[in-house]
$ cat my_file-v7.cif   # mmCIF, C-alpha atoms
data_run
#
loop_
_atom_site.label_atom_id
_atom_site.label_comp_id
_atom_site.auth_asym_id
_atom_site.auth_seq_id
_atom_site.Cartn_x
_atom_site.Cartn_y
_atom_site.Cartn_z
CA MET Z 18 162.73 -12.94 193.21
CA ALA Z 19 158.98 -13.29 193.00
CA ASN Z 20 156.86 -12.77 196.03
CA LEU Z 21 154.99 -16.03 196.47
CA SER Z 22 153.22 -15.33 199.74
CA ILE Z 23 149.50 -16.15 199.83
CA PRO Z 24 148.28 -12.52 200.19
CA SER Z 25 150.40 -11.35 197.33
CA ILE Z 26 149.20 -14.18 195.08
CA ARG Z 27 145.63 -13.39 195.97
CA GLU Z 28 146.12 -9.71 195.19
CA ARG Z 29 147.61 -10.55 191.79
CA LEU Z 30 144.71 -12.87 191.03
CA PHE Z 31 141.97 -10.38 191.84
CA ASN Z 32 143.62 -7.00 191.03
CA THR Z 33 145.25 -7.79 187.71
CA SER Z 34 145.10 -4.24 186.29
CA ARG Z 35 147.49 -2.92 188.87
CA HIS Z 36 150.30 -5.18 187.65
CA GLU Z 37 149.77 -4.88 183.95
CA GLN Z 38 152.71 -3.27 182.09
CA SER Z 39 152.02 -0.38 179.78
CA THR Z 40 152.80 -0.95 176.11
CA GLN Z 41 153.95 1.83 173.81
CA ARG Z 42 151.61 2.29 170.81
CA ASN Z 43 152.80 3.42 167.43
CA SER Z 44 152.22 2.63 163.79
CA ASN Z 45 153.94 -0.71 164.04
CA PRO Z 46 151.22 -3.35 164.24
CA PHE Z 47 153.70 -5.82 165.76
CA ALA Z 48 154.72 -3.49 168.51
CA ALA Z 49 152.01 -4.85 170.82
CA SER Z 50 153.11 -8.44 170.42
CA THR Z 51 156.84 -7.70 171.06
CA PHE Z 52 159.72 -9.88 170.08
CA LYS Z 53 161.06 -11.91 172.97
CA GLY Z 54 160.09 -9.20 175.36
CA ASN Z 55 161.68 -6.32 173.32
CA VAL Z 56 159.23 -3.71 172.14
CA LEU Z 57 159.97 -2.22 168.73
CA THR Z 58 159.58 1.46 169.36
CA ALA Z 59 160.96 2.69 166.04
CA ASP Z 60 158.69 2.88 163.00
CA VAL Z 61 160.11 0.19 160.73
CA PHE Z 62 157.68 0.85 157.91
CA GLU Z 63 159.01 3.32 155.34
CA SER Z 64 156.73 6.26 154.81
CA SER Z 65 155.28 6.60 151.31
CA THR Z 66 155.80 10.37 151.44
CA LYS Z 67 159.49 10.10 152.03
CA GLN Z 68 161.38 11.31 148.95
CA SER Z 69 164.90 10.42 148.01
CA GLN Z 70 166.94 13.56 147.35
CA PRO Z 71 170.20 13.11 145.51
CA ALA Z 72 172.95 15.04 147.09
CA PHE Z 73 175.54 16.84 145.02
CA THR Z 74 178.24 17.44 147.48
CA GLY Z 75 181.20 15.52 146.18
CA LYS Z 76 184.22 17.66 145.31
CA LEU Z 77 185.21 15.30 142.51
CA LYS Z 78 181.88 15.71 140.69
CA ALA Z 79 181.97 19.52 141.03
CA SER Z 80 185.46 19.77 139.63
CA ALA Z 81 184.50 17.58 136.65
CA LEU Z 82 181.60 19.88 135.88
CA VAL Z 83 183.73 23.03 136.05
CA GLY Z 84 186.31 21.45 133.77
CA SER Z 85 183.73 20.66 131.10
CA ILE Z 86 182.31 24.21 131.19
CA SER Z 87 185.67 25.97 130.97
CA GLY Z 88 186.22 24.62 127.40
CA ILE Z 89 182.93 26.09 126.13
CA GLY Z 90 183.84 29.74 126.55
CA GLU Z 91 185.99 29.89 123.46
CA LYS Z 92 183.40 28.13 121.33
CA PHE Z 93 180.72 30.57 122.50
CA GLN Z 94 182.93 33.49 121.60
CA ASN Z 95 183.39 32.10 118.08
CA ILE Z 96 179.65 31.59 117.61
CA ILE Z 97 178.86 35.11 118.83
CA ASN Z 98 181.49 36.58 116.51
CA SER Z 99 180.06 34.77 113.48
CA VAL Z 100 176.50 35.85 114.35
CA VAL Z 101 177.58 39.49 114.70
CA GLY Z 102 179.42 39.28 111.37
CA PHE Z 103 176.36 37.84 109.66
CA GLY Z 104 174.17 40.63 111.06
CA ILE Z 105 176.57 43.29 109.76
CA ARG Z 106 176.53 41.74 106.28
CA ILE Z 107 172.69 41.63 106.25
CA LYS Z 108 172.53 45.28 107.31
CA GLU Z 109 174.92 46.32 104.55
CA GLY Z 110 172.87 44.40 101.97
CA TRP Z 111 169.64 45.99 103.19
CA ASN Z 112 171.10 49.50 103.01
CA ARG Z 113 172.26 48.82 99.47
CA LEU Z 114 168.76 47.58 98.50
CA LYS Z 115 167.15 50.66 100.03
CA ASN Z 116 169.21 52.92 97.82
CA ILE Z 117 168.30 51.09 94.60
CA GLU Z 118 165.45 52.79 92.74
CA ILE Z 119 163.57 51.06 89.94
CA SER Z 120 163.97 53.60 87.19
CA PHE Z 121 164.02 51.22 84.23
CA ASP Z 122 160.69 51.98 82.53
CA PRO Z 123 160.23 48.77 80.47
CA MET Z 124 160.77 46.74 83.63
CA LYS Z 125 158.30 48.90 85.50
CA ASN Z 126 155.70 48.46 82.74
CA LYS Z 127 156.26 44.70 82.68
CA MET Z 128 155.72 44.52 86.40
CA VAL Z 129 152.53 46.61 86.20
CA SER Z 130 151.10 44.49 83.37
CA ALA Z 131 152.00 41.28 85.20
CA TYR Z 132 150.22 42.60 88.28
CA ASN Z 133 147.16 43.59 86.24
CA SER Z 134 146.91 40.24 84.48
CA ALA Z 135 147.29 38.42 87.78
CA LYS Z 136 144.55 40.60 89.25
CA GLU Z 137 142.27 39.87 86.29
CA ILE Z 138 142.82 36.13 86.64
CA MET Z 139 142.04 36.35 90.35
CA THR Z 140 138.69 38.05 89.66
CA THR Z 141 137.72 35.69 86.81
CA PRO Z 142 135.57 32.66 87.69
CA ILE Z 143 137.65 29.49 87.79
CA SER Z 144 135.54 27.83 85.06
CA GLU Z 145 136.42 30.67 82.68
CA VAL Z 146 140.14 30.49 83.46
CA PHE Z 147 140.42 26.84 82.45
CA SER Z 148 137.99 26.81 79.53
CA SER Z 149 139.37 27.79 76.16
CA GLY Z 150 135.99 29.25 75.08
CA ILE Z 151 134.81 32.85 74.83
CA SER Z 152 134.24 34.72 78.06
CA ALA Z 153 131.52 37.30 78.65
CA LYS Z 154 134.18 39.70 79.91
CA GLN Z 155 136.04 39.57 76.60
CA VAL Z 156 132.86 40.33 74.62
CA ALA Z 157 131.84 43.10 77.00
CA LYS Z 158 135.17 44.84 76.29
CA MET Z 159 135.05 44.33 72.50
CA GLU Z 160 135.36 47.53 70.48
CA ASP Z 161 135.06 46.05 67.02
CA MET Z 162 131.29 45.53 66.66
CA ALA Z 163 131.59 43.86 63.27
CA GLU Z 164 133.74 41.20 64.88
CA ALA Z 165 131.22 40.84 67.72
CA ARG Z 166 128.40 40.40 65.20
CA THR Z 167 130.30 37.69 63.30
CA LEU Z 168 131.15 35.96 66.57
CA LEU Z 169 127.51 35.77 67.65
CA GLN Z 170 126.31 34.86 64.16
CA ASP Z 171 128.78 31.95 63.83
CA ASN Z 172 128.07 30.53 67.26
CA VAL Z 173 124.28 30.87 66.91
CA ALA Z 174 124.54 29.12 63.52
CA LEU Z 175 126.53 26.31 65.17
CA TRP Z 176 123.85 25.88 67.85
CA GLU Z 177 121.03 25.99 65.29
CA SER Z 178 122.75 23.39 63.15
CA VAL Z 179 122.77 20.83 65.95
CA ALA Z 180 119.39 21.76 67.44
CA MET L 84 122.10 16.96 72.02
CA THR L 85 123.66 20.42 71.80
CA ASP L 86 127.36 20.63 72.61
CA ARG L 87 127.90 22.19 76.03
CA LYS L 88 130.77 24.28 74.69
CA ILE L 89 128.57 25.86 71.99
CA VAL L 90 125.88 26.64 74.56
CA LYS L 91 128.48 28.17 76.88
CA ASN L 92 129.97 30.27 74.08
CA VAL L 93 126.61 31.62 72.90
CA THR L 94 125.58 32.34 76.50
CA ASN L 95 128.81 34.25 77.13
CA ILE L 96 128.61 36.21 73.87
CA ILE L 97 125.01 37.28 74.55
CA GLU L 98 125.85 38.15 78.15
CA GLY L 99 128.93 40.08 77.04
CA LEU L 100 127.01 42.01 74.39
CA GLY L 101 124.41 42.86 77.02
CA GLN L 102 127.19 44.48 79.07
CA ASN L 103 129.03 46.09 76.17
CA PRO L 104 128.64 49.90 76.39
CA ASN L 105 128.46 50.28 72.61
CA SER L 106 124.80 50.77 71.57
CA GLU L 107 125.51 48.76 68.41
CA SER L 108 125.47 45.66 70.63
CA ILE L 109 121.68 46.11 71.09
CA THR L 110 121.19 46.00 67.32
CA ILE L 111 123.35 42.87 67.07
CA LEU L 112 121.32 41.15 69.79
CA GLU L 113 118.05 42.16 68.13
CA ASP L 114 119.12 41.09 64.64
CA ILE L 115 120.66 37.74 65.54
CA GLY L 116 119.50 36.73 69.04
CA THR L 117 115.81 37.58 69.00
CA ASN L 118 115.35 36.19 65.48
CA SER L 119 116.91 32.81 66.20
CA LYS L 120 114.85 29.70 65.64
CA VAL L 121 116.13 28.25 68.92
CA ASP L 122 113.90 29.21 71.88
CA ALA L 123 116.82 29.11 74.33
CA ILE L 124 118.78 31.66 72.28
CA ARG L 125 115.77 34.01 72.10
CA GLU L 126 115.27 33.61 75.84
CA LEU L 127 118.92 34.40 76.61
CA THR L 128 118.83 37.43 74.32
CA SER L 129 115.60 38.84 75.79
CA ARG L 130 116.92 38.50 79.33
CA ALA L 131 120.22 40.17 78.40
CA LEU L 132 118.33 43.09 76.83
CA VAL L 133 116.11 43.53 79.91
CA LYS L 134 119.11 43.38 82.25
CA ARG L 135 120.72 46.18 80.27
CA ASN L 136 117.77 48.34 81.41
CA GLU L 137 118.12 51.01 78.72
CA HIS L 138 115.30 52.58 76.72
CA ASP L 139 116.39 51.06 73.39
CA SER L 140 117.04 47.57 74.79
CA LEU L 141 113.69 47.51 76.64
CA LYS L 142 111.87 48.71 73.55
CA VAL L 143 113.07 45.64 71.64
CA VAL L 144 111.49 43.19 74.10
CA ILE L 145 108.29 45.18 74.82
CA THR L 146 107.13 46.76 71.56
CA ASN L 147 108.06 44.15 68.95
CA LYS L 148 105.55 41.51 67.96
CA GLY L 149 107.01 38.01 68.29
CA LYS L 150 109.88 39.17 70.55
CA GLY L 151 110.37 39.35 74.32
CA ILE L 152 107.03 39.55 76.15
CA ASN L 153 105.24 39.04 72.81
CA ASP L 154 107.18 35.91 71.84
CA MET L 155 105.11 32.99 70.58
CA SER L 156 106.97 30.71 72.99
CA THR L 157 105.41 30.95 76.45
CA VAL L 158 108.76 30.09 78.05
CA VAL L 159 110.49 33.02 76.35
CA ALA L 160 107.63 35.46 77.12
CA MET L 161 107.37 34.41 80.78
CA SER L 162 111.13 34.49 81.22
CA THR L 163 111.24 38.05 79.84
CA ILE L 164 108.39 39.15 82.12
CA ASN L 165 110.15 37.56 85.07
CA GLU L 166 113.32 39.47 84.25
CA LEU L 167 111.35 42.71 84.01
CA LEU L 168 109.81 42.06 87.42
CA SER L 169 113.28 41.41 88.87
CA LEU L 170 114.63 44.81 87.84
CA GLU L 171 115.70 46.98 90.74
CA ASP L 172 114.97 50.21 88.90
CA LYS L 173 111.73 49.75 86.97
CA THR L 174 111.31 53.38 85.91
CA GLU L 175 112.48 53.00 82.31
CA ALA L 176 110.57 49.73 81.81
CA LEU L 177 107.36 51.37 83.07
CA ASN L 178 107.88 54.32 80.74
CA VAL L 179 108.27 52.01 77.71
CA LEU L 180 105.24 49.95 78.79
CA THR L 181 103.11 53.09 79.21
CA ASP L 182 104.10 54.36 75.77
CA THR L 183 103.30 50.94 74.26
CA VAL L 184 99.88 50.75 75.96
CA GLU L 185 99.01 54.23 74.78
CA MET L 186 100.50 54.37 71.32
CA HIS L 187 101.20 50.95 69.78
CA SER L 188 99.27 50.09 66.66
CA ASP L 189 98.86 46.37 67.41
CA GLU L 190 96.14 45.49 69.92
CA GLU L 191 97.79 42.26 71.09
CA VAL L 192 101.04 44.09 71.85
CA ARG L 193 99.09 46.78 73.74
CA ASP L 194 97.25 44.13 75.80
CA ASN L 195 100.46 42.32 76.67
CA ALA L 196 102.11 45.58 77.69
CA ARG L 197 99.08 46.48 79.84
CA SER L 198 99.20 43.12 81.65
CA VAL L 199 102.92 43.35 82.31
CA LYS L 200 102.56 46.94 83.51
CA ALA L 201 99.85 45.83 85.96
CA LEU L 202 102.12 43.05 87.23
CA MET L 203 105.01 45.46 87.66
CA ALA L 204 102.81 47.88 89.57
CA LEU L 205 101.87 45.07 91.95
CA SER L 206 105.44 43.80 92.51
#
$ encode --input "my_file-v7.cif" --output "structure tokens"
Amino acid sequence: MANLSIPSIRERLFNTSRHEQSTQRNSNPFAASTFKGNVLTADVFESSTKQSQPAFTGKLKASALVGSISGIGEKFQNIINSVVGFGIRIKEGWNRLKNIEISFDPMKNKMVSAYNSAKEIMTTPISEVFSSGISAKQVAKMEDMAEARTLLQDNVALWESVA
Amino acid sequence: MTDRKIVKNVTNIIEGLGQNPNSESITILEDIGTNSKVDAIRELTSRALVKRNEHDSLKVVITNKGKGINDMSTVVAMSTINELLSLEDKTEALNVLTDTVEMHSDEEVRDNARSVKALMALS
């Protein structure tokens, strides 16, 4: 029951701060206004930093996972066995190759000449490789000087005829 | 217009003969190359003989009237002189030039050799 005596009314009129109720402050901007007299003390706004963490606690899920893994063991064993077998075969082949010696002379000579011709092509200018003309290298190695003389004579004559 | 293939062939043959170790190649170059009526062939031959940098090959382009530095074509003569000046080892060329200046019978050849020798001494 409210005290409606004159002194009490006067005190309430002139000393208002004494009767004011304290209001709890938090992050809720509506907390101050209250809803029908009930202050919302809990923070109703979801924090942006809050992360959802899926829980893996169900027994059903765990058993399903174990069941799927248990079938893999045999397959793994098979794969490992085939890999080991392949490795053994490779090793045997390698050992056999190591013991083979190239003792067939014509083959050896063929390989050497192929290497030499490849080396010569690599050191020849590209324009000389594709042109069907006479290369300076060929003439520099010529031993038959009569042939060299004829070669120069014929080509000079050709040039002079069109000059 | 001269066929490019002919030019390439002649250039390669002359270059190859210049590198051929057989001394007969110098005679071939002198007989055919330096006596050609085409200036370009004479020029190529003279340069190949200078590059060879041997006593006999240098003698062809220094001591002969109408060949190498004594060619009637200025282009051929200048090209030969230029090749002589480009030699790394000029010892043999200077020896041939000195002999020519001192002993050659033709005055024009002697004068040319003297001029080239002076140029080589300066370079």
$ interface_residues --input "my_file-v7.cif" --of "chain Z" --to "chain L" --cutoff "8 Å" --atoms "all atoms listed in the file" --output "tab-separated table (two decimals) with C-alpha atoms, in the frame of the given file"
chain	number	residue	atom	x	y	z
Z	150	GLY	CA	135.99	29.25	75.08
Z	151	ILE	CA	134.81	32.85	74.83
Z	152	SER	CA	134.24	34.72	78.06
Z	153	ALA	CA	131.52	37.30	78.65
Z	154	LYS	CA	134.18	39.70	79.91
Z	155	GLN	CA	136.04	39.57	76.60
Z	156	VAL	CA	132.86	40.33	74.62
Z	157	ALA	CA	131.84	43.10	77.00
Z	158	LYS	CA	135.17	44.84	76.29
Z	159	MET	CA	135.05	44.33	72.50
Z	160	GLU	CA	135.36	47.53	70.48
Z	162	MET	CA	131.29	45.53	66.66
Z	165	ALA	CA	131.22	40.84	67.72
Z	166	ARG	CA	128.40	40.40	65.20
Z	168	LEU	CA	131.15	35.96	66.57
Z	169	LEU	CA	127.51	35.77	67.65
Z	170	GLN	CA	126.31	34.86	64.16
Z	172	ASN	CA	128.07	30.53	67.26
Z	173	VAL	CA	124.28	30.87	66.91
Z	175	LEU	CA	126.53	26.31	65.17
Z	176	TRP	CA	123.85	25.88	67.85
Z	177	GLU	CA	121.03	25.99	65.29
Z	179	VAL	CA	122.77	20.83	65.95
Z	180	ALA	CA	119.39	21.76	67.44
$ atom_distance --input "my_file-v7.cif" --atom1 "atom CA of L:Val179" --atom2 "atom CA of L:Val158"
21.9 Å
$ residues_near_point --input "my_file-v7.cif" --point "(119.6, 46.6, 81.0)" --cutoff "10 Å" --atoms "only C-alpha atoms" --output "PDB file with C-alpha atoms, in the frame of the given file"
ATOM      1  CA  GLY L 101     124.410  42.860  77.020  1.00  0.00           C
ATOM      2  CA  GLN L 102     127.190  44.480  79.070  1.00  0.00           C
ATOM      3  CA  ARG L 130     116.920  38.500  79.330  1.00  0.00           C
ATOM      4  CA  ALA L 131     120.220  40.170  78.400  1.00  0.00           C
ATOM      5  CA  LEU L 132     118.330  43.090  76.830  1.00  0.00           C
ATOM      6  CA  VAL L 133     116.110  43.530  79.910  1.00  0.00           C
ATOM      7  CA  LYS L 134     119.110  43.380  82.250  1.00  0.00           C
ATOM      8  CA  ARG L 135     120.720  46.180  80.270  1.00  0.00           C
ATOM      9  CA  ASN L 136     117.770  48.340  81.410  1.00  0.00           C
ATOM     10  CA  GLU L 137     118.120  51.010  78.720  1.00  0.00           C
ATOM     11  CA  HIS L 138     115.300  52.580  76.720  1.00  0.00           C
ATOM     12  CA  ASP L 139     116.390  51.060  73.390  1.00  0.00           C
ATOM     13  CA  SER L 140     117.040  47.570  74.790  1.00  0.00           C
ATOM     14  CA  LEU L 141     113.690  47.510  76.640  1.00  0.00           C
ATOM     15  CA  LEU L 167     111.350  42.710  84.010  1.00  0.00           C
ATOM     16  CA  LEU L 170     114.630  44.810  87.840  1.00  0.00           C
ATOM     17  CA  ASP L 172     114.970  50.210  88.900  1.00  0.00           C
ATOM     18  CA  GLU L 175     112.480  53.000  82.310  1.00  0.00           C
ATOM     19  CA  ALA L 176     110.570  49.730  81.810  1.00  0.00           C
TER      20      ALA L 176
END
$ closest_residue --input "my_file-v7.cif" --among "L:Glu185, L:Ser129, L:Ile145, L:Arg193" --to "L:Glu166" --atoms "only C-alpha atoms"
L:Ser129
$ atom_distance --input "my_file-v7.cif" --atom1 "atom CA of L:His187" --atom2 "atom CA of L:Val199"
14.8 Å
$ closest_residue --input "my_file-v7.cif" --among "L:Glu113, L:Asp182, L:Asp122, L:Asp194" --to "L:Val143" --atoms "only C-alpha atoms"
L:Glu113
$ atom_distance --input "my_file-v7.cif" --atom1 "atom CA of L:Glu126" --atom2 "atom CA of L:Ser162"
6.8 Å
$ residues_near_point --input "my_file-v7.cif" --point "(112.3, 38.1, 75.5)" --cutoff "8 Å" --atoms "only C-alpha atoms" --output "list in words"
Thr117, Arg125, Glu126, Leu127, Thr128, Ser129, Arg130, Leu132, Val133, Val144, Lys150, Gly151, Ile152, Asn153, Asp154, Val159, Ala160, Ser162, Thr163 and Ile164 of chain L
$ write_last_selection --input "my_file-v7.cif" --atoms "C-alpha atoms" --output "PDB file, in the frame of the given file"
ATOM      1  CA  THR L 117     115.810  37.580  69.000  1.00  0.00           C
ATOM      2  CA  ARG L 125     115.770  34.010  72.100  1.00  0.00           C
ATOM      3  CA  GLU L 126     115.270  33.610  75.840  1.00  0.00           C
ATOM      4  CA  LEU L 127     118.920  34.400  76.610  1.00  0.00           C
ATOM      5  CA  THR L 128     118.830  37.430  74.320  1.00  0.00           C
ATOM      6  CA  SER L 129     115.600  38.840  75.790  1.00  0.00           C
ATOM      7  CA  ARG L 130     116.920  38.500  79.330  1.00  0.00           C
ATOM      8  CA  LEU L 132     118.330  43.090  76.830  1.00  0.00           C
ATOM      9  CA  VAL L 133     116.110  43.530  79.910  1.00  0.00           C
ATOM     10  CA  VAL L 144     111.490  43.190  74.100  1.00  0.00           C
ATOM     11  CA  LYS L 150     109.880  39.170  70.550  1.00  0.00           C
ATOM     12  CA  GLY L 151     110.370  39.350  74.320  1.00  0.00           C
ATOM     13  CA  ILE L 152     107.030  39.550  76.150  1.00  0.00           C
ATOM     14  CA  ASN L 153     105.240  39.040  72.810  1.00  0.00           C
ATOM     15  CA  ASP L 154     107.180  35.910  71.840  1.00  0.00           C
ATOM     16  CA  VAL L 159     110.490  33.020  76.350  1.00  0.00           C
ATOM     17  CA  ALA L 160     107.630  35.460  77.120  1.00  0.00           C
ATOM     18  CA  SER L 162     111.130  34.490  81.220  1.00  0.00           C
ATOM     19  CA  THR L 163     111.240  38.050  79.840  1.00  0.00           C
ATOM     20  CA  ILE L 164     108.390  39.150  82.120  1.00  0.00           C
TER      21      ILE L 164
END
$ resolve_selection --input "my_file-v7.cif" --expression "the PyMOL selection byres ((chain L and resi 198) around 12)" --output "mmCIF file with C-alpha atoms, in the frame of the given file"
data_model
loop_
_atom_site.group_PDB
_atom_site.id
_atom_site.type_symbol
_atom_site.label_atom_id
_atom_site.label_comp_id
_atom_site.auth_asym_id
_atom_site.auth_seq_id
_atom_site.Cartn_x
_atom_site.Cartn_y
_atom_site.Cartn_z
ATOM 1 C CA ILE L 145 108.290 45.180 74.820
ATOM 2 C CA ILE L 152 107.030 39.550 76.150
ATOM 3 C CA ASN L 153 105.240 39.040 72.810
ATOM 4 C CA MET L 161 107.370 34.410 80.780
ATOM 5 C CA ILE L 164 108.390 39.150 82.120
ATOM 6 C CA LEU L 177 107.360 51.370 83.070
ATOM 7 C CA LEU L 180 105.240 49.950 78.790
ATOM 8 C CA THR L 181 103.110 53.090 79.210
ATOM 9 C CA THR L 183 103.300 50.940 74.260
ATOM 10 C CA VAL L 184 99.880 50.750 75.960
ATOM 11 C CA GLU L 191 97.790 42.260 71.090
ATOM 12 C CA VAL L 192 101.040 44.090 71.850
ATOM 13 C CA ARG L 193 99.090 46.780 73.740
ATOM 14 C CA ASP L 194 97.250 44.130 75.800
ATOM 15 C CA ASN L 195 100.460 42.320 76.670
ATOM 16 C CA ALA L 196 102.110 45.580 77.690
ATOM 17 C CA ARG L 197 99.080 46.480 79.840
ATOM 18 C CA VAL L 199 102.920 43.350 82.310
ATOM 19 C CA LYS L 200 102.560 46.940 83.510
ATOM 20 C CA ALA L 201 99.850 45.830 85.960
ATOM 21 C CA LEU L 202 102.120 43.050 87.230
ATOM 22 C CA MET L 203 105.010 45.460 87.660
ATOM 23 C CA ALA L 204 102.810 47.880 89.570
ATOM 24 C CA LEU L 205 101.870 45.070 91.950
#
$ build_atoms --input "my_file-v7.cif" --residues "stretch 161-168 of chain L" --atoms "all heavy atoms" --output "PDB file, in the frame of the given file"
ATOM      1  N   MET L 161     107.416  34.428  79.303  1.00  0.00           N
ATOM      2  CA  MET L 161     107.370  34.410  80.780  1.00  0.00           C
ATOM      3  C   MET L 161     108.737  34.746  81.381  1.00  0.00           C
ATOM      4  O   MET L 161     108.826  35.437  82.396  1.00  0.00           O
ATOM      5  CB  MET L 161     106.896  33.032  81.294  1.00  0.00           C
ATOM      6  CG  MET L 161     105.432  32.743  81.030  1.00  0.00           C
ATOM      7  SD  MET L 161     104.306  33.996  81.670  1.00  0.00           S
ATOM      8  CE  MET L 161     104.506  33.765  83.412  1.00  0.00           C
ATOM      9  N   SER L 162     109.767  34.225  80.737  1.00  0.00           N
ATOM     10  CA  SER L 162     111.130  34.490  81.220  1.00  0.00           C
ATOM     11  C   SER L 162     111.462  35.986  81.113  1.00  0.00           C
ATOM     12  O   SER L 162     112.080  36.566  82.012  1.00  0.00           O
ATOM     13  CB  SER L 162     112.114  33.658  80.396  1.00  0.00           C
ATOM     14  OG  SER L 162     113.393  33.771  80.921  1.00  0.00           O
ATOM     15  N   THR L 163     111.004  36.609  80.030  1.00  0.00           N
ATOM     16  CA  THR L 163     111.240  38.050  79.840  1.00  0.00           C
ATOM     17  C   THR L 163     110.467  38.856  80.896  1.00  0.00           C
ATOM     18  O   THR L 163     111.013  39.810  81.486  1.00  0.00           O
ATOM     19  CB  THR L 163     110.802  38.485  78.416  1.00  0.00           C
ATOM     20  OG1 THR L 163     111.321  37.561  77.468  1.00  0.00           O
ATOM     21  CG2 THR L 163     111.292  39.873  78.083  1.00  0.00           C
ATOM     22  N   ILE L 164     109.217  38.459  81.112  1.00  0.00           N
ATOM     23  CA  ILE L 164     108.390  39.150  82.120  1.00  0.00           C
ATOM     24  C   ILE L 164     109.022  39.015  83.502  1.00  0.00           C
ATOM     25  O   ILE L 164     109.103  39.986  84.269  1.00  0.00           O
ATOM     26  CB  ILE L 164     106.933  38.588  82.114  1.00  0.00           C
ATOM     27  CG1 ILE L 164     106.240  38.927  80.785  1.00  0.00           C
ATOM     28  CG2 ILE L 164     106.130  39.124  83.292  1.00  0.00           C
ATOM     29  CD1 ILE L 164     104.958  38.162  80.518  1.00  0.00           C
ATOM     30  N   ASN L 165     109.497  37.808  83.782  1.00  0.00           N
ATOM     31  CA  ASN L 165     110.150  37.560  85.070  1.00  0.00           C
ATOM     32  C   ASN L 165     111.378  38.454  85.268  1.00  0.00           C
ATOM     33  O   ASN L 165     111.618  38.987  86.359  1.00  0.00           O
ATOM     34  CB  ASN L 165     110.548  36.083  85.140  1.00  0.00           C
ATOM     35  CG  ASN L 165     110.771  35.626  86.567  1.00  0.00           C
ATOM     36  OD1 ASN L 165     110.087  36.075  87.469  1.00  0.00           O
ATOM     37  ND2 ASN L 165     111.734  34.748  86.757  1.00  0.00           N
ATOM     38  N   GLU L 166     112.128  38.618  84.188  1.00  0.00           N
ATOM     39  CA  GLU L 166     113.320  39.470  84.250  1.00  0.00           C
ATOM     40  C   GLU L 166     112.941  40.938  84.463  1.00  0.00           C
ATOM     41  O   GLU L 166     113.604  41.664  85.209  1.00  0.00           O
ATOM     42  CB  GLU L 166     114.125  39.309  82.940  1.00  0.00           C
ATOM     43  CG  GLU L 166     115.595  39.642  83.039  1.00  0.00           C
ATOM     44  CD  GLU L 166     116.376  38.754  83.981  1.00  0.00           C
ATOM     45  OE1 GLU L 166     116.321  37.527  83.825  1.00  0.00           O
ATOM     46  OE2 GLU L 166     117.031  39.306  84.888  1.00  0.00           O
ATOM     47  N   LEU L 167     111.837  41.331  83.833  1.00  0.00           N
ATOM     48  CA  LEU L 167     111.350  42.710  84.010  1.00  0.00           C
ATOM     49  C   LEU L 167     110.910  42.952  85.456  1.00  0.00           C
ATOM     50  O   LEU L 167     111.181  44.004  86.028  1.00  0.00           O
ATOM     51  CB  LEU L 167     110.156  42.976  83.069  1.00  0.00           C
ATOM     52  CG  LEU L 167     110.475  43.278  81.599  1.00  0.00           C
ATOM     53  CD1 LEU L 167     109.222  43.142  80.740  1.00  0.00           C
ATOM     54  CD2 LEU L 167     111.049  44.680  81.441  1.00  0.00           C
ATOM     55  N   LEU L 168     110.267  41.940  86.029  1.00  0.00           N
ATOM     56  CA  LEU L 168     109.810  42.060  87.420  1.00  0.00           C
ATOM     57  C   LEU L 168     110.986  42.071  88.400  1.00  0.00           C
ATOM     58  O   LEU L 168     110.877  42.610  89.502  1.00  0.00           O
ATOM     59  CB  LEU L 168     108.855  40.905  87.770  1.00  0.00           C
ATOM     60  CG  LEU L 168     107.511  40.863  87.027  1.00  0.00           C
ATOM     61  CD1 LEU L 168     106.760  39.581  87.330  1.00  0.00           C
ATOM     62  CD2 LEU L 168     106.632  42.063  87.399  1.00  0.00           C
TER      63      LEU L 168
END
